[in-house]
Structure formats: C-alpha cells, structure tokens
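The structure under discussion appears below in the form of structure tokens.
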Amino acid sequence: MHIIEVDSISKKYELSANKGAVSIKNGLKNLLTKEEKEIFWAVNDVSFALNRGDKLGIVGSNGAGKSTLLKILSKITKPTSGEIHVRGKVASLLEVGTGFHPELTGRENIFLNGAILGMSKHEIKSQFDEIVDFAGEQISRFLDTPVKRYSSGMYVRLGFAISAHLNPEILIVDEVLAVGDADFQKKSLGKMREVAANDKTILFVSHNLTAVANLCNKTLHLEKGRVKQFGETGEVLSNYMAALQTNRLEQSYDSFDAAPGSQQIRLKKATLIPELLEGQTYLDIRNKINISIEFWNTEPNQQLNISLHLFASTGECVFNVGTPPGNFGIGLVQANLEIPGHFLNDGTYLISFMVVKDKSIVLYNFEEVFNFEIADFREDTTWYGKWPGYVRPVFPFPIRQLSDTI
Amino acid sequence: MNLIQQKIKEISSDWELLVILAKRDISVRYKQTILGLSWAIVKPVATMLVFLFAYKQVAKIQDLSGYPIQLVIFSGILFWNYFANSLQAISNSILVNSNLISKVYFPRLIICFSSIAVSLVDFVVGLVVYLILALSLHQSISPYIVLLPLALLITSLFALGFGLIFASFSVKYRDVQQIIPLIVQYGFFATPIVYTTKQLSEKSWFLYYNILNPLAGLVEMFRACLISQYDLLTVQNLSISIIASILVFILGIIIFDKREDSFVDYL
C-alpha cells in the first residue's frame, strides 16, 4: 500500500502580458478579445509512488518545477490535471516561520505558527519547552519580545525549532536547511536525520546534493517540469551530476586561422580531464585533474612560459601557477598541469591562462577557457552544510590523549 | 446544502486555527495603537456627537421617532461599524494573508471567518458604552437584548456573504478593493443608521426599499434588541432581512468555493 501516489499530475500556467492579478478593465478586455496566451507547463505529467518511511529527495535545476510540485503535493494549489492520493497527515514546510507576525512575541508566534502548521494547542503546549530549548538560549531570553526585534538568525532559529517538532506522518520540506549559521545548520540537519531515522515519510527539495544523498533513499530528478529519472538515490544523483557537469572541458581548433590568440601564438587544444575513480560518473573533491594546453608558436627562438589562474565563481583568484620558462622554436608547444585530488573544495571554478614572453610580456590571455564544477563528497558525517573555503586540503592533523590527569 | 454542510465541517475541524488567527488579529490591533481599546469607544462616540451637532444646532431637527435620539444614532452606528468593519476585513482577508495562503494549506474559509473577530470585540466595547449612555439618560434596557447574539449572527451571515464574494474576486481583480469603501460610505446614508424607518414606512415604495436594502431591517432588528419598547421592526422587514442574509451567505459560499482553488495562482 503506497502512502503517496501521484498519478500523472500537470500544472499549467497561462503567461499573458499581465501576469497574476489584473484590473477589471483588462479582465473584460481579455474576455472579449480572447488574446493568445502563452502556455507554460510548470509540472508536466509527473507520476511516482512512495511507501511509508520513504525519504524522497527532489532535485533539478532552477525552474524545473520542484517548488510547484511541492505546492501541489501540500494542497496549496490544485493540479490542472492528474490525481494525488495521500494516506496520512501531511505537514509542509515551504519556508521557515510561515505566518510569523512581527508585532507578536516569540511565545505568541510559537502558538500561531504551530497552529498554522497543523499542530493542536495541546501538542504545542506539551512541546513548548523543547521548542524553546531547541531554538537556543538567546531565544528563551527574548521569548516575550515581539519578533520584529529579533535578528534574522533568531527569527529563523525559532521558526525551524517549531517546524522540527511537528509530528506528521508525511513531511514536505523545501530548502529550509539553507538557512541559519553553520552551527544551527548542523543542529537542524541532525534533527532531520533523527526524523529520517523513524518511519516518517519525507519529501525534500534541495540543492544540497550531499544532504539528499545522505538523507534520502529515493530521488526524483525533474527537468523542465518532467520526470527525468525516479529511483534509488545513488543512481539518480550520479546521473544528475553527470548531466550537470556539461562543462567546457575541451577546446580544440583544427587550423591556425580559426584559433584564438595573437599573431604569434594561437591555441590549438586545451583539455581538462578528471581522473575518475572506478564507477564514478562525475568529478568530486577526491579526483585529480589533468590539464593539457597545446599552442602554435610562429616565431623562432622564443623564451615562453604559461601562467595559469584558477578563479572561484565569486571571481577571486584561488591560485596562480606558472610553467618554468623555456626556449621554443616555430611549431607546437605543450604544457601539462596536474591539480591533485583533495585540494580544491566543492564549487564552480574558472580557469584562464596566458602565454608570456621573456617572463614579462603577455602575448595573449586566454580567458575562461574552462568552467567546471567539483561536487562534494563526504563519508561518515552528520553535517551537510557547505564546507567553507576554496581549498579543502587533507593535511596531517593528528590528535591524541597526552595524559589522563588534569 | 451539501456544500454548506461540508464547509461548516471544514471550519469546525480546524476550529483551533480559527481561534488563534482571531486572537492574532485582535492582539495585533491593540498592540499597534497607543490608545488601543479606546479607539473602539472614541470612534462611535465621535460619530454620534457629530450627528447630534448637525441635527440640533445646524438642521434643527427635533424629534425623529419618539425615541431618544442619542440612542437611535448610537445603536445605528454600533450596528453599522460591526457590519462595515466585518465586510472590509472579510473582503481583504485573502490578500492580507497572502503569505500564509501561498505557503500552507488550510481551509481558506477559516481566514475569512476569523477576520470578523476584531469587529466583534469593537462591538462588545461599543455595547458597554451604549449601556452606560442609556443608563445615564435614565432609559431602561430592552429585555430583547438577550436576542442580540442572534442579531449579530444574522448580520454576520450578510457580511460574510458579501465579503466572501468580494474576497473571491479581489484576488484576481484588484480594483474590487476600491469598491468596498464606497459601499461603506454610501451605505451609511442609504441605510437608516442616523435616522429610523419611521419616516420611510408610510412611503409606497417602503417594501421595495427593504428588499433592495436588507440592512434596513437588520439595523431595526438591532434597535429592537437595544432600545426599550422599540416598535419599528415589523415581521415583514425582519423576515426580508433574514431571508436575504441567508441567501447572500449561501451565494458567497458557492462563489468562494468555485474560486478558492485558483487563489494561489494570482497571489
């Protein structure tokens, strides 16, 4: 017996010049003229079924229909067609602190938000102390202060603390984990894990693939409103990541004339090849990356070297390495760079490089030659927040007990 | 009828949420204003004083109906404020709470019903003022005051009916919101709020007037509950008003039910 059955649901939106609410005048005009409307299927023919205790991760790029699907599943909006059968009490967390009123105190908002999320007064009362405790010491001191005086961090902590004490059979969660400071994220993910351990059914939308990989046994990959793949998490995620990494990992030019560069030098070929482990389909932090650059040189007897910059997606330069200078004649020159595994952190990176003459004259700067993404990989961890930093080296860092007296 | 039953069931199953939303509205209202509860006293008293001034000093109107003019005006204003404030609150309830409606599912009617609470509290405060006023004028209180809750219920049905219709349409057509203040403004004078039906009852069109404006019967119903020996409420205009309230309420529920599924798409 499935606890949730979703039978080919679709949701259509009509995009007209005036989206959403309209004035009566325009409403009448639309009725009379029957203007052509652009039709947009936010969710298109989606079907899946879950058993009790399943944890479903929903992944997909922005605009893939994840949020619309959650809204349909939590009954906030109706599907245009298709049917949903849900057996059990559903609670949905599409944001933290839904319905918090800024003028009301923390205490009042706990009861308000709890009721909105479907808790009975009795349930809230019996869990009140736990909620306050979970939210942290700071909140307990400001319990009778209007929440408009709270910092955004406190606001989020209180909101999550209430949500964490919901006790439905089916829980629908949207990206709530992407909030709060690292400490609180750790705490809330721990709570999610605790919830995941029992037989609750969870539907969880997230961009945090590490969290999905660790919390969910099943994953639904949406693409442009359609199901790309639904199945075991490991399998779906590995295909999803592989599809995501359609990065520019090779550039090559057949002829000198068509190639980018200057009069003197032109790029023939540049490749970025990760050394994947057995069974791996996409690049993560463990993998070694080999970069190879070939260029044509048209002048004899030149002292040349390559200087390569690796930038983070924020534009900061993570490092700059250069080849030793060498003397080259007319023809093809090649350079190889090896970036070791366990060095770069997960994230999106850009690589640019320049060919330099006589250690000082830049002959040409090849900008943004590679744009690639490194996925996260973690084992034996209870924390899935973003690992900070651009590099994530594994330095020797032993720890031991020195003595057993104080 | 099935629909009404189903809706009543929906609301009663989420009664706790309705109560807590009502509490929210009430405490927010009284927290935001320095004078708090006293606004509920100042507003009707000031309105009454303005009309007393107009009648006695400007227009020199002596006796309207034989009942104390202060009580006639004040009871009318009490009724009108309850009706008008409820109507506005219900009509705006969906838009005002759009953040809730687009993030959580609960029976949408709850938010409309709970939005009456503030007007109800104001009414009770005003009622206390009325009783003090009546005693200070050495007037006895009508024994029919025990029927006042029933009168409130009937008025609420009427306000809900119209409010639900406005709420349903204002989500898609935002200019509906502009219409309500006009209705409230003109309705105040088109309804016997600062006068009574006595002057109208001899007119040949009085019956049609009652049918066109069921509020006339409703306000006289309130006065019959509040003013001792008040005899301007007839069985005819009472039954017209009750029937109209029920019909408008049912219509409101039907329209709301038809449109509530699409609210989120326009918020």
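Lettering and numbering for the structure tokens are positional, with chains as A, B, ... in the shown order, residues counted from 1 in each chain, and ligands counted from 1 in the shown order.
DSSP annotation of segment 233-381 of chain A from backbone atoms: alpha helix (DSSP H) residues are Thr233, Gly234, Glu235, Val236, Leu237, Ser238, Asn239, Tyr240, Met241, Ala242, Ala243 and Leu244 of chain A.
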>> For the strand (DSSP E or B) assignment from backbone DSSP, which residues of segment 15-138 of chain A qualify? Please present them as a PyMOL selection string.
In response: chain A and resi 15+22+38-50+55-59+81-86+90-93+105
Can I get the selected residues back with C-alpha atoms, as a PDB file, in the first residue's frame?
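Output file result00.pdb follows:
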ATOM      1  CA  LEU A  15       1.520  33.658 -19.230  1.00  0.00           C
ATOM      2  CA  VAL A  22      -5.484  42.041 -13.341  1.00  0.00           C
ATOM      3  CA  GLU A  38       1.477  31.677 -23.808  1.00  0.00           C
ATOM      4  CA  ILE A  39       1.045  28.393 -22.006  1.00  0.00           C
ATOM      5  CA  PHE A  40       3.647  27.166 -19.611  1.00  0.00           C
ATOM      6  CA  TRP A  41       3.631  23.725 -18.011  1.00  0.00           C
ATOM      7  CA  ALA A  42       5.383  24.109 -14.674  1.00  0.00           C
ATOM      8  CA  VAL A  43       4.774  20.453 -13.916  1.00  0.00           C
ATOM      9  CA  ASN A  44       4.158  18.068 -16.744  1.00  0.00           C
ATOM     10  CA  ASP A  45       2.868  14.522 -16.391  1.00  0.00           C
ATOM     11  CA  VAL A  46       4.649  13.662 -13.157  1.00  0.00           C
ATOM     12  CA  SER A  47       3.966  10.275 -11.576  1.00  0.00           C
ATOM     13  CA  PHE A  48       5.575   8.453  -8.689  1.00  0.00           C
ATOM     14  CA  ALA A  49       4.642   6.482  -5.608  1.00  0.00           C
ATOM     15  CA  LEU A  50       6.182   6.285  -2.172  1.00  0.00           C
ATOM     16  CA  LYS A  55      12.559   9.705   2.103  1.00  0.00           C
ATOM     17  CA  LEU A  56      12.329  11.306  -1.299  1.00  0.00           C
ATOM     18  CA  GLY A  57      14.813  13.882  -2.478  1.00  0.00           C
ATOM     19  CA  ILE A  58      13.617  16.134  -5.295  1.00  0.00           C
ATOM     20  CA  VAL A  59      16.406  17.634  -7.375  1.00  0.00           C
ATOM     21  CA  SER A  81      -4.865  17.516 -14.350  1.00  0.00           C
ATOM     22  CA  GLY A  82      -3.902  14.287 -12.676  1.00  0.00           C
ATOM     23  CA  GLU A  83      -4.592  12.857  -9.264  1.00  0.00           C
ATOM     24  CA  ILE A  84      -2.862  12.557  -5.927  1.00  0.00           C
ATOM     25  CA  HIS A  85      -3.702  10.029  -3.250  1.00  0.00           C
ATOM     26  CA  VAL A  86      -2.220  10.698   0.149  1.00  0.00           C
ATOM     27  CA  VAL A  90       0.691  15.980   5.876  1.00  0.00           C
ATOM     28  CA  ALA A  91       2.683  18.937   7.139  1.00  0.00           C
ATOM     29  CA  SER A  92       4.504  21.155   4.703  1.00  0.00           C
ATOM     30  CA  LEU A  93       7.427  23.434   5.431  1.00  0.00           C
ATOM     31  CA  THR A 105       6.074  37.971  20.824  1.00  0.00           C
TER      32      THR A 105
END
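Closest approach to Gln88 of chain B among B:Gln236, B:Ser262, B:Gln177, B:Gln185 is made by B:Gln177 (distances from only C-alpha atoms).
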> Excluding same-chain residues fewer than 3 positions from Ala159 of chain B, what lies within 12 Å of it counting only C-alpha atoms, as a PyMOL selection string?
Replying inline: chain B and resi 79-91+112-113+115-116+119+152-156+162-167+180+184+214-215+218+244-253
> Would you list which chain B residues are within 9 Å of chain A using only C-alpha atoms, as a ChimeraX atom specification?
Replying inline: /B:14,16-17,20-21,24,27-28,31-32,97,99-106,170-176,261-267
> So which residues touch Val321 of chain A within 7 Å, counting only C-alpha atoms, skipping near sequence neighbours fewer than 3 positions away, as a PyMOL selection string?
Replying inline: chain A and resi 307-309
N, CA and C atoms of the current selection, written as a PDB file, in the first residue's frame:
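Final file, selection_32.pdb:
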ATOM      1  N   SER A 307      51.268  31.079 -17.722  1.00  0.00           N
ATOM      2  CA  SER A 307      50.838  31.409 -16.366  1.00  0.00           C
ATOM      3  C   SER A 307      49.341  31.128 -16.287  1.00  0.00           C
ATOM      4  N   LEU A 308      48.935  30.272 -15.357  1.00  0.00           N
ATOM      5  CA  LEU A 308      47.530  29.849 -15.292  1.00  0.00           C
ATOM      6  C   LEU A 308      46.891  30.339 -13.993  1.00  0.00           C
ATOM      7  N   HIS A 309      45.676  30.898 -14.146  1.00  0.00           N
ATOM      8  CA  HIS A 309      44.914  31.370 -12.973  1.00  0.00           C
ATOM      9  C   HIS A 309      43.673  30.509 -12.795  1.00  0.00           C
TER      10      HIS A 309
END
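Proximity to Ile211 of chain B at 10 Å, evaluated using only C-alpha atoms and with sequence-adjacent residues fewer than 2 positions away removed, yields Phe206, Leu207, Tyr208, Tyr209, Asn213, Pro214, Leu215, Ala216, Gly217, Asn237, Ile240, Ser241, Ile243 and Ala244 of chain B.
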Using only C-alpha atoms, please write the residues we just selected to a file, as a short mmCIF file (atom, residue, chain, number, x, y, z; two decimals), in the first residue's frame.
data_model
loop_
_atom_site.label_atom_id
_atom_site.label_comp_id
_atom_site.auth_asym_id
_atom_site.auth_seq_id
_atom_site.Cartn_x
_atom_site.Cartn_y
_atom_site.Cartn_z
CA PHE B 206 -41.07 51.07 1.51
CA LEU B 207 -41.40 47.35 0.75
CA TYR B 208 -39.11 47.60 -2.26
CA TYR B 209 -36.68 49.64 -0.23
CA ASN B 213 -31.51 47.18 1.21
CA PRO B 214 -31.90 44.33 3.69
CA LEU B 215 -29.57 46.26 6.01
CA ALA B 216 -32.56 48.45 6.91
CA GLY B 217 -34.28 45.52 8.56
CA ASN B 237 -38.89 43.69 7.16
CA ILE B 240 -36.98 40.00 4.37
CA SER B 241 -33.65 40.72 6.03
CA ILE B 243 -34.02 35.57 4.13
CA ALA B 244 -31.70 37.96 2.30
#
>> I'd like the contact shell of Leu137 of chain B - 12 Å cut-off, only C-alpha atoms, skipping same-chain residues fewer than 3 positions apart - returned as a list in words.
In response: Tyr67, Pro68, Ile69, Gln70, Leu71, Tyr130, Leu131, Ile132, Leu133, Ala134, Ser140, Ile141 and Ile227 of chain B
> Expressed in Å to a single decimal, how great is the separation between atom CA of Ile361 of chain A and atom CA of Thr314 of chain A?
Replying inline: 27.6 Å
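Going from atom CA of Ser255 of chain A over to atom CA of Asn365 of chain A, you cover 19.2 Å.
Residues in contact with Pro107 of chain B at 9 Å, where only C-alpha atoms are counted and same-chain residues fewer than 6 positions away are skipped, are listed as Lys7, Glu10, Ile11 and Asp14 of chain B.
The coordinates place atom CA of Leu233 of chain B at 12.4 Å from atom CA of Leu200 of chain B.
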Give one line per residue of segment 287-317 of chain A that approaches segment 327-331 of chain A to at most 10 Å, naming the two atoms of the closest pair and their distance in Å to one decimal, counting only C-alpha atoms; sort by chain then ascending residue number and deliver it as a Markdown table.
| residue | atom | partner | partner_atom | distance |
| --- | --- | --- | --- | --- |
| A:Phe295 | CA | A:Gly331 | CA | 8.3 |
| A:Trp296 | CA | A:Gly331 | CA | 5.5 |
| A:Asn297 | CA | A:Ile330 | CA | 5.2 |
| A:Thr298 | CA | A:Ile330 | CA | 4.9 |
| A:Glu299 | CA | A:Ile330 | CA | 5.4 |
| A:Pro300 | CA | A:Gly329 | CA | 4.3 |
| A:Asn301 | CA | A:Gly329 | CA | 4.8 |
| A:Gln302 | CA | A:Phe328 | CA | 5.3 |
| A:Gln303 | CA | A:Asn327 | CA | 4.5 |
| A:Leu304 | CA | A:Asn327 | CA | 6.4 |
| A:Asn305 | CA | A:Asn327 | CA | 8.9 |
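Considering the residues A:Pro324, A:Gly53, A:Gly136, A:Gly261 and counting only C-alpha atoms, His2 of chain A has its shortest atom-to-atom contact with A:Gly53.
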